[in-house]
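K.L.:
The following file, final.cif, comprises mmCIF, C-alpha atoms:
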```
data_coords
#
loop_
_atom_site.group_PDB
_atom_site.id
_atom_site.type_symbol
_atom_site.label_atom_id
_atom_site.label_comp_id
_atom_site.auth_asym_id
_atom_site.auth_seq_id
_atom_site.Cartn_x
_atom_site.Cartn_y
_atom_site.Cartn_z
ATOM 1 C CA MET A 1 85.699 9.386 16.842
ATOM 2 C CA SER A 2 83.050 6.984 15.603
ATOM 3 C CA LEU A 3 81.486 4.525 17.995
ATOM 4 C CA ALA A 4 80.777 1.007 16.828
ATOM 5 C CA PRO A 5 77.071 0.239 16.634
ATOM 6 C CA THR A 6 75.632 -1.533 19.638
ATOM 7 C CA PRO A 7 74.839 -5.171 18.824
ATOM 8 C CA THR A 8 71.159 -5.974 18.628
ATOM 9 C CA SER A 9 69.744 -7.696 21.673
ATOM 10 C CA PRO A 10 69.436 -11.418 20.951
ATOM 11 C CA LEU A 11 65.886 -11.347 22.326
ATOM 12 C CA LEU A 12 64.838 -8.421 20.133
ATOM 13 C CA ALA A 13 66.527 -10.007 17.109
ATOM 14 C CA LEU A 14 64.646 -13.269 17.694
ATOM 15 C CA ARG A 15 61.310 -11.507 18.176
ATOM 16 C CA ALA A 16 61.816 -9.430 15.013
ATOM 17 C CA ALA A 17 62.674 -12.552 13.005
ATOM 18 C CA ILE A 18 59.581 -14.391 14.300
ATOM 19 C CA LEU A 19 57.392 -11.401 13.501
ATOM 20 C CA ALA A 20 58.788 -10.997 9.962
ATOM 21 C CA TYR A 21 58.521 -14.710 9.199
ATOM 22 C CA LEU A 22 54.966 -15.175 10.474
ATOM 23 C CA ALA A 23 53.756 -12.008 8.709
ATOM 24 C CA LEU A 24 54.382 -13.677 5.338
ATOM 25 C CA ASP A 25 51.852 -16.470 5.888
ATOM 26 C CA ALA A 26 48.443 -15.816 4.301
ATOM 27 C CA PRO A 27 46.697 -18.803 5.978
ATOM 28 C CA LEU A 28 47.752 -17.472 9.407
ATOM 29 C CA ALA A 29 46.391 -14.032 8.493
ATOM 30 C CA GLN A 30 43.091 -15.693 7.514
ATOM 31 C CA LEU A 31 42.931 -17.480 10.874
ATOM 32 C CA MET A 32 43.357 -14.072 12.518
ATOM 33 C CA GLY A 33 40.390 -12.602 10.684
ATOM 34 C CA GLY A 34 42.130 -11.484 7.500
ATOM 35 C CA ALA A 35 45.168 -9.633 8.878
ATOM 36 C CA PHE A 36 48.222 -10.931 10.723
ATOM 37 C CA ARG A 37 48.433 -9.287 14.144
ATOM 38 C CA LEU A 38 51.297 -10.026 16.533
ATOM 39 C CA THR A 39 52.222 -7.108 18.799
ATOM 40 C CA ASP A 40 53.672 -6.194 22.191
ATOM 41 C CA GLU A 41 50.419 -4.721 23.536
ATOM 42 C CA PRO A 42 46.759 -5.451 22.783
ATOM 43 C CA PRO A 43 45.744 -3.436 19.713
ATOM 44 C CA ARG A 44 43.427 -0.569 20.693
ATOM 45 C CA GLY A 45 39.829 -1.393 19.944
ATOM 46 C CA ALA A 46 40.769 -4.569 18.101
ATOM 47 C CA THR A 47 38.732 -7.690 18.457
ATOM 48 C CA PRO A 48 40.451 -11.064 18.544
ATOM 49 C CA VAL A 49 41.952 -13.087 16.939
ATOM 50 C CA TYR A 50 45.325 -11.460 17.625
ATOM 51 C CA ALA A 51 48.570 -12.506 19.277
ATOM 52 C CA LEU A 52 50.873 -10.837 21.774
ATOM 53 C CA PHE A 53 54.483 -11.408 22.649
ATOM 54 C CA GLY A 54 54.436 -12.535 26.275
ATOM 55 C CA ASP A 55 57.034 -13.092 28.939
ATOM 56 C CA ALA A 56 60.599 -13.779 27.868
ATOM 57 C CA GLU A 57 63.889 -14.596 29.493
ATOM 58 C CA ILE A 58 67.374 -14.956 28.078
ATOM 59 C CA ARG A 59 70.351 -16.535 29.766
ATOM 60 C CA ASP A 60 73.967 -16.716 28.812
ATOM 61 C CA ASP A 61 74.732 -20.085 27.245
ATOM 62 C CA SER A 62 78.196 -19.382 25.872
ATOM 63 C CA VAL A 63 80.326 -22.351 24.943
ATOM 64 C CA ASP A 64 83.838 -22.737 23.480
ATOM 65 C CA GLY A 65 84.214 -18.995 22.913
ATOM 66 C CA ALA A 66 80.884 -18.679 21.094
ATOM 67 C CA ARG A 67 78.560 -16.064 22.616
ATOM 68 C CA ARG A 68 75.265 -17.927 22.877
ATOM 69 C CA HIS A 69 71.963 -17.196 24.577
ATOM 70 C CA ARG A 70 69.241 -19.568 25.718
ATOM 71 C CA HIS A 71 65.762 -18.073 25.308
ATOM 72 C CA ALA A 72 62.409 -18.881 26.857
ATOM 73 C CA LEU A 73 59.570 -16.860 25.367
ATOM 74 C CA SER A 74 55.846 -16.998 24.994
ATOM 75 C CA LEU A 75 53.247 -15.909 22.480
ATOM 76 C CA THR A 76 49.589 -15.652 23.447
ATOM 77 C CA VAL A 77 46.769 -15.900 20.913
ATOM 78 C CA PHE A 78 43.447 -14.391 22.000
ATOM 79 C CA ALA A 79 40.295 -16.133 20.759
ATOM 80 C CA ARG A 80 37.190 -14.683 19.184
ATOM 81 C CA PRO A 81 34.359 -14.547 21.728
ATOM 82 C CA GLY A 82 32.720 -17.960 21.912
ATOM 83 C CA SER A 83 35.412 -19.658 19.835
ATOM 84 C CA LEU A 84 38.278 -21.225 21.733
ATOM 85 C CA ARG A 85 39.074 -23.023 18.496
ATOM 86 C CA SER A 86 39.995 -19.711 16.812
ATOM 87 C CA ALA A 87 42.929 -19.299 19.226
ATOM 88 C CA VAL A 88 43.962 -22.949 19.082
ATOM 89 C CA ASP A 89 43.931 -23.025 15.272
ATOM 90 C CA ALA A 90 46.099 -19.891 15.072
ATOM 91 C CA ALA A 91 48.470 -21.173 17.786
ATOM 92 C CA GLU A 92 48.883 -24.503 15.995
ATOM 93 C CA ARG A 93 49.577 -22.688 12.705
ATOM 94 C CA ILE A 94 52.231 -20.560 14.417
ATOM 95 C CA ALA A 95 53.820 -23.686 15.912
ATOM 96 C CA ASP A 96 53.842 -25.420 12.513
ATOM 97 C CA LEU A 97 55.388 -22.382 10.817
ATOM 98 C CA LEU A 98 58.133 -21.970 13.407
ATOM 99 C CA HIS A 99 59.126 -25.652 13.325
ATOM 100 C CA ASP A 100 62.455 -25.693 11.437
ATOM 101 C CA ALA A 101 61.818 -22.128 10.212
ATOM 102 C CA PRO A 102 64.770 -20.484 8.447
ATOM 103 C CA LEU A 103 64.653 -17.359 10.628
ATOM 104 C CA SER A 104 67.094 -14.575 9.831
ATOM 105 C CA LEU A 105 68.215 -12.686 12.940
ATOM 106 C CA SER A 106 70.024 -9.368 12.880
ATOM 107 C CA GLY A 107 73.487 -9.870 14.371
ATOM 108 C CA HIS A 108 72.729 -13.404 15.542
ATOM 109 C CA ALA A 109 72.236 -16.890 14.173
ATOM 110 C CA LEU A 110 69.419 -19.157 15.245
ATOM 111 C CA VAL A 111 70.896 -22.429 16.467
ATOM 112 C CA ARG A 112 67.651 -24.052 17.583
ATOM 113 C CA LEU A 113 63.973 -23.187 18.070
ATOM 114 C CA ASP A 114 61.548 -25.602 19.705
ATOM 115 C CA LEU A 115 57.937 -25.514 20.789
ATOM 116 C CA GLU A 116 57.796 -26.588 24.411
ATOM 117 C CA ALA A 117 54.040 -26.375 24.934
ATOM 118 C CA ILE A 118 50.705 -24.959 23.890
ATOM 119 C CA ALA A 119 48.420 -24.202 26.828
ATOM 120 C CA VAL A 120 44.759 -23.210 26.557
ATOM 121 C CA ARG A 121 43.176 -21.040 29.240
ATOM 122 C CA ARG A 122 39.922 -19.234 29.876
ATOM 123 C CA ASP A 123 39.795 -16.182 32.160
ATOM 124 C CA PRO A 124 37.161 -17.007 34.808
ATOM 125 C CA ALA A 125 36.084 -13.367 35.216
ATOM 126 C CA SER A 126 35.770 -12.333 31.566
ATOM 127 C CA GLY A 127 35.355 -15.726 29.909
ATOM 128 C CA GLU A 128 38.069 -14.698 27.434
ATOM 129 C CA ALA A 129 39.891 -17.703 25.965
ATOM 130 C CA ARG A 130 43.481 -17.826 24.809
ATOM 131 C CA ALA A 131 46.162 -20.233 23.670
ATOM 132 C CA SER A 132 49.747 -19.662 24.790
ATOM 133 C CA LEU A 133 52.806 -21.041 23.039
ATOM 134 C CA THR A 134 55.996 -21.542 25.037
ATOM 135 C CA LEU A 135 59.090 -21.475 22.845
ATOM 136 C CA ARG A 136 62.698 -22.339 23.637
ATOM 137 C CA ALA A 137 65.542 -21.125 21.455
ATOM 138 C CA ILE A 138 69.300 -20.849 21.300
ATOM 139 C CA THR A 139 70.960 -18.013 19.415
ATOM 140 C CA GLU A 140 74.600 -17.250 18.753
ATOM 141 C CA ARG A 141 76.049 -13.774 18.260
ATOM 142 C CA LEU A 142 77.659 -13.362 14.859
ATOM 143 C CA LEU A 143 81.150 -11.910 14.682
ATOM 144 C CA ALA A 144 81.300 -8.459 13.121
#
```
Could I get this file's structure written as structure tokens?

P.N.:
Amino acid sequence: MSLAPTPTSPLLALRAAILAYLALDAPLAQLMGGAFRLTDEPPRGATPVYALFGDAEIRDDSVDGARRHRHALSLTVFARPGSLRSAVDAAERIADLLHDAPLSLSGHALVRLDLEAIAVRRDPASGEARASLTLRAITERLLA
């Protein structure tokens, strides 16, 4: 007996699509010091500029028989020491790229993706600066 494959999580599908799409942009890679870096955890020994996937939440948003999910997720861009602008420039580039981006999600369709906010913060203890993007999205599970 063969089991049907488990559908991809809508959150993981969205994150993978964002990662794949942003990785293609050479100007973004240049803003990050020559290589695109967006990961789940801080890269070992790496110096900024790099970005991390932050907090995320998905909620059921099904309507008229369509299996939909409403997403709230964040990306955080860490600045080079002494250069808040390095994080802001990369965050703005990410926001521009994701605006109306034709993202291809595994097992899901992107219905909508919006930038809710970009926030800039400096850690008072370390002085480390970062820019955080808050994204909102709606995805719909594709029928097999």

K.L.:
Return as an MDAnalysis selection string the set of residues that the PyMOL selection byres ((chain A and resi 92) around 12) yields on the displayed structure.

P.N.:
chainID A and resid 27:28 31 75:77 85:91 93:99 115 117:120 131:134

K.L.:
Those same residues - C-alpha atoms - I'd like them written as an mmCIF file, keeping the file's coordinate frame.

P.N.:
```cif
data_model
loop_
_atom_site.group_PDB
_atom_site.id
_atom_site.type_symbol
_atom_site.label_atom_id
_atom_site.label_comp_id
_atom_site.auth_asym_id
_atom_site.auth_seq_id
_atom_site.Cartn_x
_atom_site.Cartn_y
_atom_site.Cartn_z
ATOM 1 C CA PRO A 27 46.697 -18.803 5.978
ATOM 2 C CA LEU A 28 47.752 -17.472 9.407
ATOM 3 C CA LEU A 31 42.931 -17.480 10.874
ATOM 4 C CA LEU A 75 53.247 -15.909 22.480
ATOM 5 C CA THR A 76 49.589 -15.652 23.447
ATOM 6 C CA VAL A 77 46.769 -15.900 20.913
ATOM 7 C CA ARG A 85 39.074 -23.023 18.496
ATOM 8 C CA SER A 86 39.995 -19.711 16.812
ATOM 9 C CA ALA A 87 42.929 -19.299 19.226
ATOM 10 C CA VAL A 88 43.962 -22.949 19.082
ATOM 11 C CA ASP A 89 43.931 -23.025 15.272
ATOM 12 C CA ALA A 90 46.099 -19.891 15.072
ATOM 13 C CA ALA A 91 48.470 -21.173 17.786
ATOM 14 C CA ARG A 93 49.577 -22.688 12.705
ATOM 15 C CA ILE A 94 52.231 -20.560 14.417
ATOM 16 C CA ALA A 95 53.820 -23.686 15.912
ATOM 17 C CA ASP A 96 53.842 -25.420 12.513
ATOM 18 C CA LEU A 97 55.388 -22.382 10.817
ATOM 19 C CA LEU A 98 58.133 -21.970 13.407
ATOM 20 C CA HIS A 99 59.126 -25.652 13.325
ATOM 21 C CA LEU A 115 57.937 -25.514 20.789
ATOM 22 C CA ALA A 117 54.040 -26.375 24.934
ATOM 23 C CA ILE A 118 50.705 -24.959 23.890
ATOM 24 C CA ALA A 119 48.420 -24.202 26.828
ATOM 25 C CA VAL A 120 44.759 -23.210 26.557
ATOM 26 C CA ALA A 131 46.162 -20.233 23.670
ATOM 27 C CA SER A 132 49.747 -19.662 24.790
ATOM 28 C CA LEU A 133 52.806 -21.041 23.039
ATOM 29 C CA THR A 134 55.996 -21.542 25.037
#
```

K.L.:
With distances taken over all atoms listed in the file, which residue among A:His71, A:His108, A:Arg44, A:Arg122 lies nearest Arg141 in chain A?

P.N.:
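Among the listed residues, A:His108 lies closest to Arg141 in chain A.
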
K.L.:
Name the residues captured by the PyMOL selection byres ((chain A and resi 104) around 10) when it is applied to the shown file; answer as an NGL selection string.

P.N.:
:A and (13-14 or 16-18 or 20-21 or 101-103 or 105-110)

K.L.:
For a quick check of understanding, using all atoms listed in the file, which of A:Glu116, A:Asp123, A:Asp60, A:Asp100 has the smallest distance to Pro10 in chain A?

P.N.:
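For Pro10 in chain A, the nearest of the given residues is A:Asp60.
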
K.L.:
Which is closer to Gly82 in chain A than all the others in A:Arg130, A:Arg112, A:Arg67, A:Arg136, using only C-alpha atoms?

P.N.:
A:Arg130

K.L.:
Evaluating the PyMOL selection byres ((chain A and resi 54) around 7) on the displayed file yields which residues, as a compact mmCIF listing (two decimals) with C-alpha atoms, in the frame of the given file?

P.N.:
```txt
# COMPACT_ATOMS: atom_id res chain seq x y z
CA LEU A 52 50.87 -10.84 21.77
CA PHE A 53 54.48 -11.41 22.65
CA ASP A 55 57.03 -13.09 28.94
CA ALA A 56 60.60 -13.78 27.87
CA LEU A 73 59.57 -16.86 25.37
CA SER A 74 55.85 -17.00 24.99
CA LEU A 75 53.25 -15.91 22.48
CA THR A 76 49.59 -15.65 23.45
```

K.L.:
Of the candidates A:Ala51, A:Ala79, A:Thr139, A:Leu22, which one gets nearest to Gly127 in chain A if we count all atoms listed in the file?

P.N.:
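Distance minimum relative to Gly127 in chain A lands on A:Ala79.
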
K.L.:
My list of candidates is A:Ala29, A:Tyr50, A:Leu19, A:Leu11. Which is closest to Ile138 in chain A when distances are computed with only C-alpha atoms?

P.N.:
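Smallest separation from Ile138 in chain A among the options: A:Leu11.
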
K.L.:
Which one of A:Leu135, A:Thr47, A:Ala66, A:Met32 sits closest to Arg15 in chain A if you count all atoms listed in the file?

P.N.:
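Of the candidates, the smallest distance to Arg15 in chain A is held by A:Leu135.
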
K.L.:
Suppose you want the space between CA of Ser83 in chain A and CA of Leu113 in chain A; what is it in Å?

P.N.:
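These atoms are spaced 28.8 Å apart.
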
K.L.:
Quick one: distance from CA of Gly33 in chain A to CA of Ala129 in chain A in Å, one decimal?

P.N.:
16.1 Å

K.L.:
Interatomic distance between CA of Arg121 in chain A and CA of Glu41 in chain A?

P.N.:
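The value is 18.7 Å.
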